[in-house]
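Pasted below: structure26.cif, mmCIF, C-alpha atoms.
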```cif
data_upload
#
loop_
_atom_site.label_atom_id
_atom_site.label_comp_id
_atom_site.auth_asym_id
_atom_site.auth_seq_id
_atom_site.Cartn_x
_atom_site.Cartn_y
_atom_site.Cartn_z
CA MET P 1 48.15 80.73 70.43
CA ARG P 2 45.01 80.94 72.56
CA ALA P 3 42.96 82.18 69.61
CA LEU P 4 43.67 78.99 67.67
CA PRO P 5 41.45 76.61 69.74
CA GLN P 6 38.64 79.17 69.74
CA ARG P 7 38.89 79.50 65.98
CA ARG P 8 38.73 75.74 65.70
CA TRP P 9 35.58 75.77 67.84
CA PHE P 10 33.93 78.28 65.52
CA GLN P 11 35.00 76.19 62.52
CA GLU P 12 33.38 73.12 64.06
CA LEU P 13 30.22 75.11 64.75
CA GLY P 14 30.13 76.39 61.18
CA ARG P 15 30.64 72.91 59.81
CA GLY P 16 27.76 71.65 61.95
CA LEU P 17 25.43 74.39 60.69
CA VAL P 18 26.30 73.73 57.05
CA SER P 19 25.85 69.99 57.52
CA THR P 20 22.47 70.56 59.19
CA ALA P 21 21.32 72.83 56.35
CA LEU P 22 22.28 70.23 53.74
CA PHE P 23 20.47 67.54 55.73
CA LEU P 24 17.27 69.61 55.88
CA VAL P 25 17.38 70.27 52.14
CA ALA P 26 17.87 66.57 51.39
CA TRP P 27 15.10 65.64 53.83
CA TYR P 28 12.71 68.11 52.18
CA LEU P 29 13.43 66.75 48.71
CA VAL P 30 13.01 63.11 49.77
CA ALA P 31 9.74 63.88 51.58
CA SER P 32 8.43 65.78 48.55
CA VAL P 33 9.17 62.85 46.26
CA ALA P 34 7.72 60.27 48.68
CA ASN P 35 4.60 62.36 49.37
CA SER P 36 3.49 59.98 52.12
CA ARG P 37 2.11 60.34 55.63
CA LEU P 38 4.85 57.96 56.74
CA ALA P 39 7.55 60.30 55.43
CA PRO P 40 6.72 63.81 56.67
CA GLY P 41 8.92 66.70 55.62
CA PRO P 42 10.74 69.13 57.89
CA VAL P 43 7.98 71.75 57.58
CA GLN P 44 5.32 69.30 58.76
CA VAL P 45 7.50 68.13 61.65
CA TRP P 46 8.21 71.75 62.61
CA ARG P 47 4.48 72.55 62.71
CA GLU P 48 3.87 69.48 64.86
CA ALA P 49 6.65 70.53 67.23
CA VAL P 50 5.21 74.06 67.49
CA ASP P 51 1.74 72.68 68.29
CA LEU P 52 3.18 70.36 70.95
CA TRP P 53 5.16 73.25 72.41
CA LEU P 54 2.16 75.56 72.55
CA ASP P 55 -0.05 73.04 74.36
CA GLY P 56 2.74 72.30 76.84
CA THR P 57 3.17 68.62 75.97
CA LEU P 58 6.63 68.98 74.47
CA LEU P 59 8.09 71.18 77.19
CA HIS P 60 6.65 69.07 80.02
CA ASN P 61 7.97 65.77 78.73
CA LEU P 62 11.25 67.26 77.55
CA TRP P 63 11.93 68.66 81.02
CA ILE P 64 11.18 65.30 82.66
CA THR P 65 13.52 63.42 80.32
CA VAL P 66 16.31 66.00 80.69
CA ALA P 67 16.00 65.71 84.49
CA ARG P 68 16.32 61.92 84.31
CA VAL P 69 19.26 62.14 81.94
CA THR P 70 21.01 64.65 84.21
CA ALA P 71 20.52 62.57 87.36
CA SER P 72 21.62 59.35 85.67
CA PHE P 73 24.61 61.02 84.03
CA VAL P 74 25.85 62.61 87.26
CA LEU P 75 25.45 59.35 89.21
CA ALA P 76 27.24 57.34 86.51
CA MET P 77 30.12 59.81 86.30
CA LEU P 78 30.62 60.04 90.07
CA VAL P 79 30.62 56.29 90.63
CA GLY P 80 32.46 55.46 87.40
CA VAL P 81 35.27 58.00 87.94
CA ALA P 82 35.81 56.90 91.55
CA LEU P 83 35.77 53.24 90.53
CA GLY P 84 38.18 53.82 87.64
CA ILE P 85 40.71 55.59 89.86
CA ILE P 86 40.46 52.83 92.49
CA LEU P 87 40.97 50.11 89.87
CA ALA P 88 44.04 51.87 88.50
CA LYS P 89 45.56 52.36 91.96
CA PHE P 90 44.85 48.96 93.50
CA ARG P 91 45.76 46.04 91.25
CA SER P 92 44.08 43.52 93.55
CA VAL P 93 40.76 45.32 93.25
CA ASP P 94 41.20 45.51 89.48
CA TRP P 95 41.96 41.78 89.37
CA LEU P 96 38.81 41.06 91.38
CA LEU P 97 36.37 43.42 89.63
CA GLY P 98 37.85 43.41 86.12
CA PRO P 99 35.76 40.46 84.85
CA TRP P 100 32.57 42.07 86.19
CA LEU P 101 33.38 45.24 84.27
CA THR P 102 33.54 43.14 81.13
CA VAL P 103 30.16 41.65 81.97
CA GLY P 104 28.74 45.12 82.57
CA LEU P 105 30.08 46.40 79.27
CA ASN P 106 28.41 43.58 77.35
CA LEU P 107 25.16 43.26 79.30
CA PRO P 108 22.27 44.55 77.17
CA ALA P 109 20.74 47.71 78.58
CA LEU P 110 17.24 46.29 78.10
CA VAL P 111 17.99 43.35 80.41
CA LEU P 112 19.29 45.56 83.20
CA ILE P 113 16.37 47.98 82.88
CA VAL P 114 13.79 45.18 83.05
CA LEU P 115 15.49 43.53 86.03
CA THR P 116 15.74 46.83 87.91
CA PHE P 117 12.06 47.58 87.32
CA VAL P 118 11.12 44.09 88.54
CA TRP P 119 13.27 44.40 91.67
CA MET P 120 12.58 48.05 92.55
CA GLY P 121 9.27 48.80 90.87
CA LEU P 122 8.27 51.30 88.20
CA ASN P 123 9.55 54.45 89.91
CA GLU P 124 12.02 57.27 89.37
CA ALA P 125 14.76 55.75 91.53
CA ALA P 126 14.68 52.51 89.56
CA THR P 127 14.85 54.41 86.27
CA ILE P 128 17.87 56.49 87.30
CA ILE P 129 19.73 53.54 88.86
CA ALA P 130 19.09 51.30 85.84
CA VAL P 131 20.36 53.93 83.40
CA ALA P 132 23.40 54.83 85.50
CA ALA P 133 24.31 51.17 86.02
CA ASN P 134 24.46 50.71 82.26
CA LYS P 135 26.98 53.54 81.93
CA ILE P 136 29.20 53.05 85.01
CA PRO P 137 31.35 50.24 83.50
CA THR P 138 32.18 52.35 80.43
CA VAL P 139 33.19 55.36 82.54
CA ALA P 140 35.26 53.16 84.87
CA VAL P 141 37.16 51.54 81.99
CA ILE P 142 37.98 54.88 80.34
CA VAL P 143 39.06 56.54 83.60
CA ARG P 144 41.09 53.49 84.57
CA ALA P 145 43.05 53.81 81.33
CA GLY P 146 43.59 57.51 82.03
CA ALA P 147 44.71 56.94 85.61
CA ARG P 148 47.21 54.34 84.46
CA SER P 149 48.68 56.81 81.97
CA VAL P 150 49.43 59.46 84.62
CA ASP P 151 53.13 60.38 84.45
CA PRO P 152 54.78 58.85 87.55
CA ALA P 153 57.69 61.31 87.25
CA LEU P 154 55.35 64.23 87.91
CA MET P 155 53.90 62.45 90.92
CA ASP P 156 57.45 61.87 92.22
CA VAL P 157 58.16 65.58 91.88
CA ALA P 158 55.03 66.36 93.91
CA ARG P 159 56.16 63.99 96.64
CA ALA P 160 59.69 65.40 96.58
CA PHE P 161 58.35 68.90 97.18
CA ASP P 162 55.96 67.54 99.81
CA LEU P 163 52.87 69.00 98.14
CA PRO P 164 49.57 68.42 99.95
CA ARG P 165 47.53 65.56 98.52
CA LEU P 166 44.61 67.76 97.56
CA ARG P 167 46.85 70.18 95.67
CA THR P 168 48.70 67.30 94.01
CA PHE P 169 45.41 65.86 92.84
CA ARG P 170 44.07 69.20 91.63
CA ARG P 171 47.20 70.53 89.92
CA ILE P 172 49.04 67.41 88.72
CA TYR P 173 46.84 64.31 88.78
CA ALA P 174 43.46 65.64 87.61
CA PRO P 175 44.76 67.65 84.59
CA GLN P 176 46.26 64.47 83.16
CA LEU P 177 42.85 62.84 83.45
CA TYR P 178 40.99 65.65 81.65
CA PRO P 179 41.05 64.06 78.16
CA TYR P 180 39.76 60.77 79.55
CA LEU P 181 37.11 62.46 81.69
CA LEU P 182 35.90 64.41 78.68
CA ALA P 183 35.78 61.24 76.58
CA ALA P 184 33.86 59.44 79.32
CA ALA P 185 31.44 62.36 79.65
CA ARG P 186 30.81 62.58 75.91
CA THR P 187 30.21 58.86 75.47
CA GLY P 188 28.24 58.88 78.70
CA LEU P 189 25.81 61.54 77.57
CA ALA P 190 25.37 59.86 74.17
CA LEU P 191 24.58 56.54 75.84
CA VAL P 192 22.58 57.76 78.83
CA TRP P 193 19.94 59.70 76.92
CA LYS P 194 19.31 56.75 74.60
CA ILE P 195 18.89 54.36 77.53
CA VAL P 196 16.61 56.84 79.31
CA LEU P 197 14.28 56.83 76.30
CA VAL P 198 14.19 53.02 76.38
CA ALA P 199 13.42 53.04 80.11
CA GLU P 200 10.63 55.57 79.60
CA LEU P 201 9.20 53.52 76.76
CA ILE P 202 9.10 50.40 78.94
CA GLY P 203 8.18 51.55 82.40
CA ARG P 204 7.26 55.23 82.72
CA SER P 205 4.09 57.19 82.03
CA ASP P 206 5.78 60.42 80.93
CA GLY P 207 8.89 61.65 79.17
CA ILE P 208 10.03 61.69 75.56
CA GLY P 209 10.34 57.90 75.39
CA PHE P 210 6.76 57.42 76.59
CA GLU P 211 5.42 59.97 74.09
CA ILE P 212 7.32 58.29 71.26
CA ALA P 213 5.74 54.96 72.24
CA VAL P 214 2.26 56.55 72.15
CA ARG P 215 2.90 58.07 68.72
CA PHE P 216 4.25 54.73 67.49
CA GLN P 217 0.95 53.08 68.31
CA GLN P 218 -0.83 55.84 66.37
CA PHE P 219 1.60 55.68 63.41
CA ASP P 220 2.22 59.39 64.00
CA ILE P 221 5.63 59.76 62.38
CA ALA P 222 5.55 63.57 62.55
CA GLY P 223 4.99 63.41 66.31
CA ILE P 224 7.78 60.86 66.77
CA LEU P 225 10.21 63.04 64.85
CA ALA P 226 9.08 66.20 66.64
CA PHE P 227 9.82 64.74 70.07
CA SER P 228 13.04 63.10 68.85
CA PHE P 229 14.50 66.20 67.23
CA ALA P 230 13.57 68.36 70.23
CA PHE P 231 15.70 66.21 72.49
CA ILE P 232 18.47 65.87 69.91
CA LEU P 233 18.59 69.66 69.80
CA VAL P 234 19.13 69.78 73.57
CA VAL P 235 21.97 67.26 73.31
CA ALA P 236 23.54 69.18 70.41
CA VAL P 237 23.46 72.41 72.43
CA LEU P 238 25.21 70.62 75.31
CA GLU P 239 27.84 69.26 72.94
CA VAL P 240 28.58 72.64 71.38
CA GLY P 241 28.08 74.82 74.42
CA VAL P 242 29.66 72.59 77.07
CA PHE P 243 31.83 69.76 75.80
CA GLN P 244 33.45 71.59 72.91
CA MET P 245 34.16 74.59 75.15
CA LEU P 246 35.73 72.25 77.71
CA ASP P 247 37.77 70.74 74.91
CA VAL P 248 39.00 74.22 73.94
CA ARG P 249 39.95 74.97 77.53
CA MET P 250 41.73 71.65 77.87
CA ARG P 251 43.74 72.24 74.71
CA ARG P 252 44.72 75.66 76.08
CA TRP P 253 46.03 74.03 79.27
CA ARG P 254 48.03 71.51 77.25
#
```
Let me see the file written as structure tokens.
Amino acid sequence: MRALPQRRWFQELGRGLVSTALFLVAWYLVASVANSRLAPGPVQVWREAVDLWLDGTLLHNLWITVARVTASFVLAMLVGVALGIILAKFRSVDWLLGPWLTVGLNLPALVLIVLTFVWMGLNEAATIIAVAANKIPTVAVIVRAGARSVDPALMDVARAFDLPRLRTFRRIYAPQLYPYLLAAARTGLALVWKIVLVAELIGRSDGIGFEIAVRFQQFDIAGILAFSFAFILVVAVLEVGVFQMLDVRMRRWR
């Protein structure tokens, strides 16, 4: 039975590789037909990426953006998970903060980024806080739904056997939240890295977003795609190597 989720993981990986190969072939054919500087092919983008890697520009900016994404993601998850559990446990708090969660879910990320930069200045702290603040409402809503779905009968059993609170949380409460935590983390990563690029484009002097803005002004499509695909590759590795493996482990526990 344990081999089944692992096999499914390899099937998903194989499907992703086949899909990527088909995409590259289609991209090459379209670029060959277009034969335009504004539509570079995969070979041209690859050469541009190699040149940027060799001169250190790609690695330097990629590392900076990954660091910002990591810090924003961790902050958003910590605050969002804690807030979601509190909202599920205390109805009065949920009644009071619920409307503000709705506002946060619908507030454009650009508005919050601009306001944070105006209030805090163009610095790293403002960037991380602005990005995390955009994601916290989504995490809180997902975790709140998960906390509300926790089986009360299992919690009653824990109380009947007088289990310590920490052990109850770790062995009974948290496992029931795993699917929701994984969903919040996946959507969080997908949203955070996009918002980080916007923040870098607006108010930072380094990072992938800043480099994309520079290449945009130069109409350098190959450079834009080189930076974009480099970061997409990092996100794809995280999805396959972290989130899908966590999904396999979670299915094994179930």
- [ ] Mind checking which residues fall within 8 Å of Ile129 of chain P, counting all atoms listed in the file, ignoring those fewer than 3 positions away in the same chain, and posting them as a list in words?
- [x] Ser72, Thr116, Ala125, Ala126, Ala132 and Ala133 of chain P
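Closest approach to Leu58 of chain P among P:Ala213, P:Val237, P:Gly207, P:Gly41: P:Gly207, based on all atoms listed in the file.
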TODO: Could you please determine the separation between atom CA of Ala109 of chain P and atom CA of Lys89 of chain P in Å, to one decimal place?
DONE: 28.6 Å
Task: Selection: 7 Å around segment 137-141 of chain P, all atoms listed in the file, excl. self and same-chain fewer than 6 positions, as number ranges by chain - done: P: 77, 80-81, 83-84, 101, 104-105, 184
For the provided coordinates, the residues matched by the PyMOL selection byres ((chain P and resi 177) around 12) should be stated as a PDB file with C-alpha atoms, in the frame of the given file.
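Printed below is expr-v7.pdb as written:
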```pdb
ATOM      1  CA  VAL P  81      35.270  58.000  87.940  1.00  0.00           C
ATOM      2  CA  GLY P  84      38.180  53.820  87.640  1.00  0.00           C
ATOM      3  CA  ILE P  85      40.710  55.590  89.860  1.00  0.00           C
ATOM      4  CA  ILE P 142      37.980  54.880  80.340  1.00  0.00           C
ATOM      5  CA  VAL P 143      39.060  56.540  83.600  1.00  0.00           C
ATOM      6  CA  ARG P 144      41.090  53.490  84.570  1.00  0.00           C
ATOM      7  CA  ALA P 145      43.050  53.810  81.330  1.00  0.00           C
ATOM      8  CA  GLY P 146      43.590  57.510  82.030  1.00  0.00           C
ATOM      9  CA  ALA P 147      44.710  56.940  85.610  1.00  0.00           C
ATOM     10  CA  ARG P 148      47.210  54.340  84.460  1.00  0.00           C
ATOM     11  CA  SER P 149      48.680  56.810  81.970  1.00  0.00           C
ATOM     12  CA  VAL P 150      49.430  59.460  84.620  1.00  0.00           C
ATOM     13  CA  ASP P 151      53.130  60.380  84.450  1.00  0.00           C
ATOM     14  CA  PHE P 169      45.410  65.860  92.840  1.00  0.00           C
ATOM     15  CA  ARG P 170      44.070  69.200  91.630  1.00  0.00           C
ATOM     16  CA  ARG P 171      47.200  70.530  89.920  1.00  0.00           C
ATOM     17  CA  ILE P 172      49.040  67.410  88.720  1.00  0.00           C
ATOM     18  CA  TYR P 173      46.840  64.310  88.780  1.00  0.00           C
ATOM     19  CA  ALA P 174      43.460  65.640  87.610  1.00  0.00           C
ATOM     20  CA  PRO P 175      44.760  67.650  84.590  1.00  0.00           C
ATOM     21  CA  GLN P 176      46.260  64.470  83.160  1.00  0.00           C
ATOM     22  CA  TYR P 178      40.990  65.650  81.650  1.00  0.00           C
ATOM     23  CA  PRO P 179      41.050  64.060  78.160  1.00  0.00           C
ATOM     24  CA  TYR P 180      39.760  60.770  79.550  1.00  0.00           C
ATOM     25  CA  LEU P 181      37.110  62.460  81.690  1.00  0.00           C
ATOM     26  CA  LEU P 182      35.900  64.410  78.680  1.00  0.00           C
ATOM     27  CA  ALA P 183      35.780  61.240  76.580  1.00  0.00           C
ATOM     28  CA  ALA P 184      33.860  59.440  79.320  1.00  0.00           C
ATOM     29  CA  MET P 250      41.730  71.650  77.870  1.00  0.00           C
ATOM     30  CA  ARG P 254      48.030  71.510  77.250  1.00  0.00           C
TER      31      ARG P 254
END
```
TODO: Extract, using only C-alpha atoms, all DNA, RNA and protein residues at most 9 Å from Ala71 of chain P, discarding same-chain residues fewer than 4 positions from it, and format them as a ChimeraX atom specification.
DONE: /P:66-67,75-76,128,132
Would you output that residue set with C-alpha atoms, as a tab-separated table (two decimals), in the frame of the given file?
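again_22.tsv, freshly written:
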```
chain	number	residue	atom	x	y	z
P	66	VAL	CA	16.31	66.00	80.69
P	67	ALA	CA	16.00	65.71	84.49
P	75	LEU	CA	25.45	59.35	89.21
P	76	ALA	CA	27.24	57.34	86.51
P	128	ILE	CA	17.87	56.49	87.30
P	132	ALA	CA	23.40	54.83	85.50
```
Open item on the list: Restricting the calculation to only C-alpha atoms: of P:Leu166, P:Ala88, P:Val69, P:Leu59, which residue gets closest to Leu197 of chain P?
Closed with: P:Val69
TODO: Measure the distance from atom CA of Ala226 of chain P to atom CA of Ser36 of chain P in Å and round it to one decimal.
DONE: 16.8 Å
- [ ] Have a look at atom CA of Pro42 of chain P and atom CA of Ala236 of chain P and let me know their distance in Å, one decimal.
- [x] 17.9 Å
- [ ] Just the residues within 12 Å of Val118 of chain P, please, counting all atoms listed in the file, with nothing from its chain fewer than 6 positions along; format it as a list of chain:residue names.
- [x] P:Val111, P:Leu112, P:Ala126, P:Thr127, P:Ala130, P:Ile202, P:Gly203
Let me have the centre and edge lengths in Å, one decimal, of the box along x, y and z around every listed atom of segment 38-54 of chain P with 5 Å of margin on each side, as JSON.
```
{"center_x": 6.2, "center_y": 66.8, "center_z": 64.0, "size_x": 19.0, "size_y": 27.6, "size_z": 27.1}
```
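Proximity of P:Ala26, P:Ile86, P:Ala230, P:Val235 to Asn61 of chain P, computed with all atoms listed in the file, is greatest for P:Ala230.
Proximity ranking of P:Lys194, P:Arg15, P:Arg167, P:Arg47 relative to Asn134 of chain P places P:Lys194 first, based on only C-alpha atoms.
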